[in-house]
Amino acid sequence: MTALFDAVLFDRDGTLVVDVPYNGDPDRVQPMPGAREALDRLRAAGLRLGVVTNQSGLARGRFTGDQLTAVHRRIEDLLGPFDTWQVCPHDDSAGCPCRKPAPGLVDAAAAALGTTARRCVVVGDIGRDMEAALAAGAAGIMVPTPITLPAEVAAAPETAADLAEAADLILRRQALLTPAPRPTGRAGTVLAVRSDSAGDMLVTGPGIRALAAGADRVVLLCGPRGRAAAALLPGVDEIIEWRLPWIDPEPGPVDPEDMRALTERLRATGAEEAVVFTSFHQSALPLALLLRMAGVGRITAISDDYPGSLLDVRHRVPDGLPEPERARSVAAAAGFALPDGDDGGLQVSVTAPKSAPKAAQKTAPKSRYVVVHPGASVEARSCPPENLRRIVAALAAAGHEVLVTGGPGERRLASYVAGTSGADAGPTSMAGLAELIAGAACVIVGNTGPAHLAAAVGTPVISLFAPTVPYLRWGPYRVPAVRLGDAAAACRDTRATRCPVPGHPCLSRIEPQDVLHALRRIGVTPTKPLFGEVAA
């Protein structure tokens, strides 16, 4: 399955047509500039189109159902046919699951089109449109207008100046995943390389699965920080663990003997070709040199620097691409594509537990608990522990079972955050953590490996996301999510590992009520009765 998206879902007012409040008059319909041309390009590319629109004017009596139908007929006269119309007739007081920013309209449109939300793009002009997309697990592109708030623009996963540019972004992301012709047929042994952290390894998974679909055998070279995650990836036949000093964040000196040993180990794999996966700030060329010395005949990697004879396929990608798609694009440049039935999401080879772990079995042994993971790979991405402790207490008070997890060096942190309200999961392996997350109703976590584990097992994420790196690139991929935190904070795009702003304002201002509201948006409800209530 090489296509990235099946459908594009559009907001109506302010996106497809000029916003006329409570419009029930088809004569007042005016398309946004370039709308017809952009839609026709998407149709020609085989994408199905839908509309997802809040129309509280019906509930308020500002227009009738017949008038709404007449307006939609006029829009199709001007812009061409849409494959589905999904309308929420309620106002905010109804608390319905379909009114944006809730995901109901997006889910309904995807179902009507015979696909899933994670294979859809939502295009809209305000924050509610983007929040509904994230809550459904869909991609989002904002086309701001003069009424769009700056904070909404900052929090949008991706922005475009107009509908023509939005169509360009969609089609470009699709095109990057179209496999190039291969000089030979099916590959024999392919060496895949990703020497980085656990989260980096997980987001590379779709690219590695593409290699596995077109090769007899995949050998994965990884670093010690990603070894446990590498063991969970489908499609890997053998793992070589080796620390690469030009990638490792705490490198030692380059040891010539170690490099000679690595070269011989690579030669021993018998790989005819290699695909090197890197982040945007890393270079594939040092390893490409060793691969050449090891006799690897065909090497593919991204390189902005001139590679000389080190690369056979020099791939380039635009800035801001989601990391899983960046990895898939490298595999596609080498001529590899995912098989039919693989939608390109993250995957790991674990199963959900049949019941909650013992730590979560205080009052409801078969409840779907909420996981809070307070740690992060770098300090700047961590929500302050005292905030998380208050959040855990509030979740428990609201009736949620809360399980607090932590890595090997985070036992004191996990115990503190759990307090007397949550349950400390205790030490777990990477596979054990994945199983706990697979059994959870939701994970509350920063930008760190367990967020990607959640995406890989399909568990929704409340993302406490510091804007030091772009959300589009590193946010939870293709899983229902709510992003919390100040996306416009002064640390934005600094790649800081320690917060450069006193007080850590991007995450320290997240309140328990923000988290409770986020849980309600994605449909996570308490699992135990509150005081005075009787269990069913």
# chains A, B, ... in the order shown; residues from 1 in each chain; ligands from 1
$ residues_around --residues "range 449-453 of chain A" --least-positions-apart "5" --cutoff "7 Å" --atoms "only C-alpha atoms" --output "VMD selection string"
chain A and resid 198 to 199 202 434 461 476
$ select_by_dssp --residues "range 447-496 of chain A" --states "alpha helix (DSSP H)" --output "NGL selection string"
:A and (449-457 or 471-474)
$ write_last_selection --atoms "N, CA, C and O atoms" --output "PDB file, in the first residue's frame"
ATOM      1  N   GLY A 449       9.774   8.352  23.992  1.00  0.00           N
ATOM      2  CA  GLY A 449       9.506   7.048  23.409  1.00  0.00           C
ATOM      3  C   GLY A 449       8.148   6.442  23.690  1.00  0.00           C
ATOM      4  O   GLY A 449       7.503   5.920  22.766  1.00  0.00           O
ATOM      5  N   PRO A 450       7.628   6.452  24.943  1.00  0.00           N
ATOM      6  CA  PRO A 450       6.320   5.845  25.197  1.00  0.00           C
ATOM      7  C   PRO A 450       5.168   6.472  24.401  1.00  0.00           C
ATOM      8  O   PRO A 450       4.147   5.808  24.190  1.00  0.00           O
ATOM      9  N   ALA A 451       5.311   7.732  23.961  1.00  0.00           N
ATOM     10  CA  ALA A 451       4.281   8.310  23.097  1.00  0.00           C
ATOM     11  C   ALA A 451       4.230   7.551  21.781  1.00  0.00           C
ATOM     12  O   ALA A 451       3.150   7.302  21.222  1.00  0.00           O
ATOM     13  N   HIS A 452       5.389   7.157  21.271  1.00  0.00           N
ATOM     14  CA  HIS A 452       5.436   6.406  20.015  1.00  0.00           C
ATOM     15  C   HIS A 452       5.042   4.950  20.232  1.00  0.00           C
ATOM     16  O   HIS A 452       4.449   4.327  19.337  1.00  0.00           O
ATOM     17  N   LEU A 453       5.350   4.412  21.414  1.00  0.00           N
ATOM     18  CA  LEU A 453       4.834   3.082  21.747  1.00  0.00           C
ATOM     19  C   LEU A 453       3.309   3.078  21.737  1.00  0.00           C
ATOM     20  O   LEU A 453       2.672   2.141  21.243  1.00  0.00           O
ATOM     21  N   ALA A 454       2.710   4.131  22.301  1.00  0.00           N
ATOM     22  CA  ALA A 454       1.246   4.231  22.306  1.00  0.00           C
ATOM     23  C   ALA A 454       0.704   4.261  20.885  1.00  0.00           C
ATOM     24  O   ALA A 454      -0.275   3.576  20.563  1.00  0.00           O
ATOM     25  N   ALA A 455       1.338   5.047  20.018  1.00  0.00           N
ATOM     26  CA  ALA A 455       0.892   5.094  18.625  1.00  0.00           C
ATOM     27  C   ALA A 455       1.016   3.729  17.974  1.00  0.00           C
ATOM     28  O   ALA A 455       0.171   3.327  17.162  1.00  0.00           O
ATOM     29  N   ALA A 456       2.063   2.991  18.322  1.00  0.00           N
ATOM     30  CA  ALA A 456       2.298   1.689  17.703  1.00  0.00           C
ATOM     31  C   ALA A 456       1.272   0.648  18.122  1.00  0.00           C
ATOM     32  O   ALA A 456       1.004  -0.297  17.368  1.00  0.00           O
ATOM     33  N   VAL A 457       0.691   0.777  19.313  1.00  0.00           N
ATOM     34  CA  VAL A 457      -0.309  -0.191  19.773  1.00  0.00           C
ATOM     35  C   VAL A 457      -1.727   0.377  19.690  1.00  0.00           C
ATOM     36  O   VAL A 457      -2.685  -0.278  20.103  1.00  0.00           O
ATOM     37  N   TYR A 471       5.770  19.625  16.213  1.00  0.00           N
ATOM     38  CA  TYR A 471       4.802  18.560  16.490  1.00  0.00           C
ATOM     39  C   TYR A 471       4.559  17.704  15.256  1.00  0.00           C
ATOM     40  O   TYR A 471       4.411  16.481  15.356  1.00  0.00           O
ATOM     41  N   LEU A 472       4.494  18.315  14.075  1.00  0.00           N
ATOM     42  CA  LEU A 472       4.259  17.543  12.858  1.00  0.00           C
ATOM     43  C   LEU A 472       5.306  16.455  12.700  1.00  0.00           C
ATOM     44  O   LEU A 472       4.998  15.329  12.309  1.00  0.00           O
ATOM     45  N   ARG A 473       6.548  16.775  13.042  1.00  0.00           N
ATOM     46  CA  ARG A 473       7.636  15.819  12.843  1.00  0.00           C
ATOM     47  C   ARG A 473       7.655  14.750  13.922  1.00  0.00           C
ATOM     48  O   ARG A 473       7.918  13.582  13.643  1.00  0.00           O
ATOM     49  N   TRP A 474       7.373  15.125  15.180  1.00  0.00           N
ATOM     50  CA  TRP A 474       7.625  14.228  16.306  1.00  0.00           C
ATOM     51  C   TRP A 474       6.401  13.917  17.151  1.00  0.00           C
ATOM     52  O   TRP A 474       6.516  13.168  18.119  1.00  0.00           O
TER      53      TRP A 474
END
$ residues_around --residues "Glu76 in chain A" --least-positions-apart "4" --cutoff "12 Å" --atoms "only C-alpha atoms" --output "list in words"
Arg12, Leu16, Val17, Pro26, Val29, Gln30, Pro31, Ala35, Arg36, Leu39, Leu49, Gly50, Val51, Thr69, Ala70, Val71, His72, Gly80, Pro81, Phe82, Asp83, Thr84 and Trp85 of chain A
$ residues_around --residues "Thr459 in chain A" --least-positions-apart "3" --cutoff "8 Å" --atoms "only C-alpha atoms" --output "NGL selection string"
:A and (437-438 or 440-443 or 454-456 or 479-480)
$ residues_around --residues "Leu42 in chain A" --least-positions-apart "3" --cutoff "10 Å" --atoms "only C-alpha atoms" --output "PyMOL selection string"
chain A and resi 7-8+37-39+45-49+167-168+170-171
$ closest_residue --among "A:Gly124, A:Gly345, A:Gly226, A:Pro183" --to "Gly458 in chain A" --atoms "only C-alpha atoms"
A:Gly345
$ atom_distance --atom1 "CA of Gly34 in chain A" --atom2 "CA of Arg316 in chain A"
29.2 Å
$ closest_atom_pairs --of "range 113-200 of chain A" --to "range 233-256 of chain A" --cutoff "10 Å" --atoms "only C-alpha atoms" --output "tab-separated table"
residue	atom	partner	partner_atom	distance
A:Thr189	CA	A:Asp237	CA	9.8
A:Leu191	CA	A:Glu238	CA	9.5
A:Ala192	CA	A:Val236	CA	9.0
A:Val193	CA	A:Ile240	CA	9.5
A:Arg194	CA	A:Ile247	CA	9.5
A:Ser195	CA	A:Ile247	CA	6.7
A:Asp196	CA	A:Asp248	CA	6.9
A:Ser197	CA	A:Asp248	CA	9.0
$ write_last_selection --atoms "N, CA, C and O atoms" --output "CSV table (one decimal), in the first residue's frame"
chain,number,residue,atom,x,y,z
A,189,THR,N,19.7,-9.8,1.0
A,189,THR,CA,19.9,-9.3,2.4
A,189,THR,C,20.0,-7.8,2.3
A,189,THR,O,20.9,-7.3,1.6
A,191,LEU,N,20.7,-4.3,4.6
A,191,LEU,CA,21.1,-3.8,5.9
A,191,LEU,C,20.3,-2.5,6.1
A,191,LEU,O,20.5,-1.5,5.3
A,192,ALA,N,19.5,-2.4,7.2
A,192,ALA,CA,18.9,-1.1,7.6
A,192,ALA,C,19.6,-0.6,8.8
A,192,ALA,O,20.1,-1.3,9.6
A,193,VAL,N,19.7,0.8,8.8
A,193,VAL,CA,20.5,1.4,9.8
A,193,VAL,C,19.7,2.5,10.5
A,193,VAL,O,19.1,3.4,9.8
A,194,ARG,N,19.6,2.5,11.8
A,194,ARG,CA,19.0,3.6,12.6
A,194,ARG,C,19.7,3.5,14.0
A,194,ARG,O,19.3,2.7,14.8
A,195,SER,N,20.7,4.4,14.2
A,195,SER,CA,21.4,4.4,15.4
A,195,SER,C,21.0,5.6,16.2
A,195,SER,O,21.6,6.6,16.2
A,196,ASP,N,20.0,5.3,17.1
A,196,ASP,CA,19.4,6.5,17.8
A,196,ASP,C,18.6,5.9,19.0
A,196,ASP,O,18.8,4.8,19.4
A,197,SER,N,17.7,6.8,19.5
A,197,SER,CA,17.0,6.4,20.7
A,197,SER,C,15.8,5.5,20.4
A,197,SER,O,15.5,5.2,19.2
$ closest_residue --among "A:Ala151, A:Ala418, A:Leu134, A:Val276" --to "Ser463 in chain A" --atoms "only C-alpha atoms"
A:Leu134
$ select_by_dssp --residues "range 196-333 of chain A" --states "strand (DSSP E)" --output "list in words"
Ala215, Asp216, Arg217, Val218, Val219, Leu220, Leu221, Cys222, Glu238, Ile239, Ile240, Glu241, Glu273, Ala274, Val275, Val276, Arg298, Ile299, Thr300, Ala301, Ile302, Val313, Arg314 and His315 of chain A
$ write_last_selection --atoms "C-alpha atoms" --output "PDB file, in the first residue's frame"
ATOM      1  CA  ALA A 215      13.793  -8.345   0.674  1.00  0.00           C
ATOM      2  CA  ASP A 216      14.546 -11.899   1.708  1.00  0.00           C
ATOM      3  CA  ARG A 217      16.222 -10.753   4.912  1.00  0.00           C
ATOM      4  CA  VAL A 218      16.624  -7.514   6.885  1.00  0.00           C
ATOM      5  CA  VAL A 219      19.555  -6.921   9.226  1.00  0.00           C
ATOM      6  CA  LEU A 220      19.172  -3.873  11.472  1.00  0.00           C
ATOM      7  CA  LEU A 221      22.155  -1.918  12.795  1.00  0.00           C
ATOM      8  CA  CYS A 222      21.171   0.099  15.851  1.00  0.00           C
ATOM      9  CA  GLU A 238      18.786  -9.879  12.848  1.00  0.00           C
ATOM     10  CA  ILE A 239      19.964  -7.007  15.052  1.00  0.00           C
ATOM     11  CA  ILE A 240      23.513  -5.675  15.309  1.00  0.00           C
ATOM     12  CA  GLU A 241      24.070  -3.314  18.237  1.00  0.00           C
ATOM     13  CA  GLU A 273      22.599  -3.150  -0.222  1.00  0.00           C
ATOM     14  CA  ALA A 274      21.997  -0.800   2.696  1.00  0.00           C
ATOM     15  CA  VAL A 275      19.404   1.843   3.525  1.00  0.00           C
ATOM     16  CA  VAL A 276      20.553   4.376   6.108  1.00  0.00           C
ATOM     17  CA  ARG A 298      24.182  -0.220  -3.209  1.00  0.00           C
ATOM     18  CA  ILE A 299      23.632   2.430  -0.543  1.00  0.00           C
ATOM     19  CA  THR A 300      20.621   4.756  -0.151  1.00  0.00           C
ATOM     20  CA  ALA A 301      20.410   7.668   2.293  1.00  0.00           C
ATOM     21  CA  ILE A 302      19.350  11.277   2.690  1.00  0.00           C
ATOM     22  CA  VAL A 313      20.844   6.879  -4.253  1.00  0.00           C
ATOM     23  CA  ARG A 314      21.130  10.364  -2.779  1.00  0.00           C
ATOM     24  CA  HIS A 315      17.675  11.188  -1.453  1.00  0.00           C
TER      25      HIS A 315
END
$ atom_distance --atom1 "CA of Ser279 in chain A" --atom2 "CA of Pro318 in chain A"
12.5 Å
$ residues_around --residues "range 371-382 of chain A" --least-positions-apart "3" --cutoff "8 Å" --atoms "only C-alpha atoms" --output "VMD selection string"
chain A and resid 385 388 392 402 to 407 410 413 to 414 417 437 440 to 450 465 to 466 468 496 to 499 504 507
$ residues_around --residues "range 95-107 of chain A" --least-positions-apart "2" --cutoff "7 Å" --atoms "only C-alpha atoms" --output "VMD selection string"
chain A and resid 52 54 86 88 90 92 to 93 109 to 111 117 128 to 129 131 to 133 135 to 136 521
$ write_last_selection --atoms "C-alpha atoms" --output "short mmCIF file (atom, residue, chain, number, x, y, z; two decimals), in the first residue's frame"
data_model
loop_
_atom_site.label_atom_id
_atom_site.label_comp_id
_atom_site.auth_asym_id
_atom_site.auth_seq_id
_atom_site.Cartn_x
_atom_site.Cartn_y
_atom_site.Cartn_z
CA VAL A 52 -17.06 18.05 7.97
CA ASN A 54 -20.39 22.45 12.48
CA GLN A 86 -21.03 15.25 7.63
CA CYS A 88 -23.14 18.56 13.32
CA HIS A 90 -25.73 21.06 17.67
CA ASP A 92 -21.63 23.77 22.30
CA SER A 93 -24.14 23.27 25.11
CA ALA A 109 -16.74 10.81 7.27
CA ALA A 110 -13.95 8.21 7.20
CA ALA A 111 -16.45 5.41 7.82
CA ALA A 117 -9.45 8.56 10.11
CA ARG A 128 -11.28 23.36 16.25
CA ASP A 129 -10.67 21.78 12.85
CA GLU A 131 -8.09 19.55 17.20
CA ALA A 132 -10.81 17.36 15.69
CA ALA A 133 -8.29 15.93 13.23
CA ALA A 135 -8.51 13.61 18.23
CA ALA A 136 -9.49 11.24 15.41
CA ARG A 521 -12.71 14.79 24.03
#
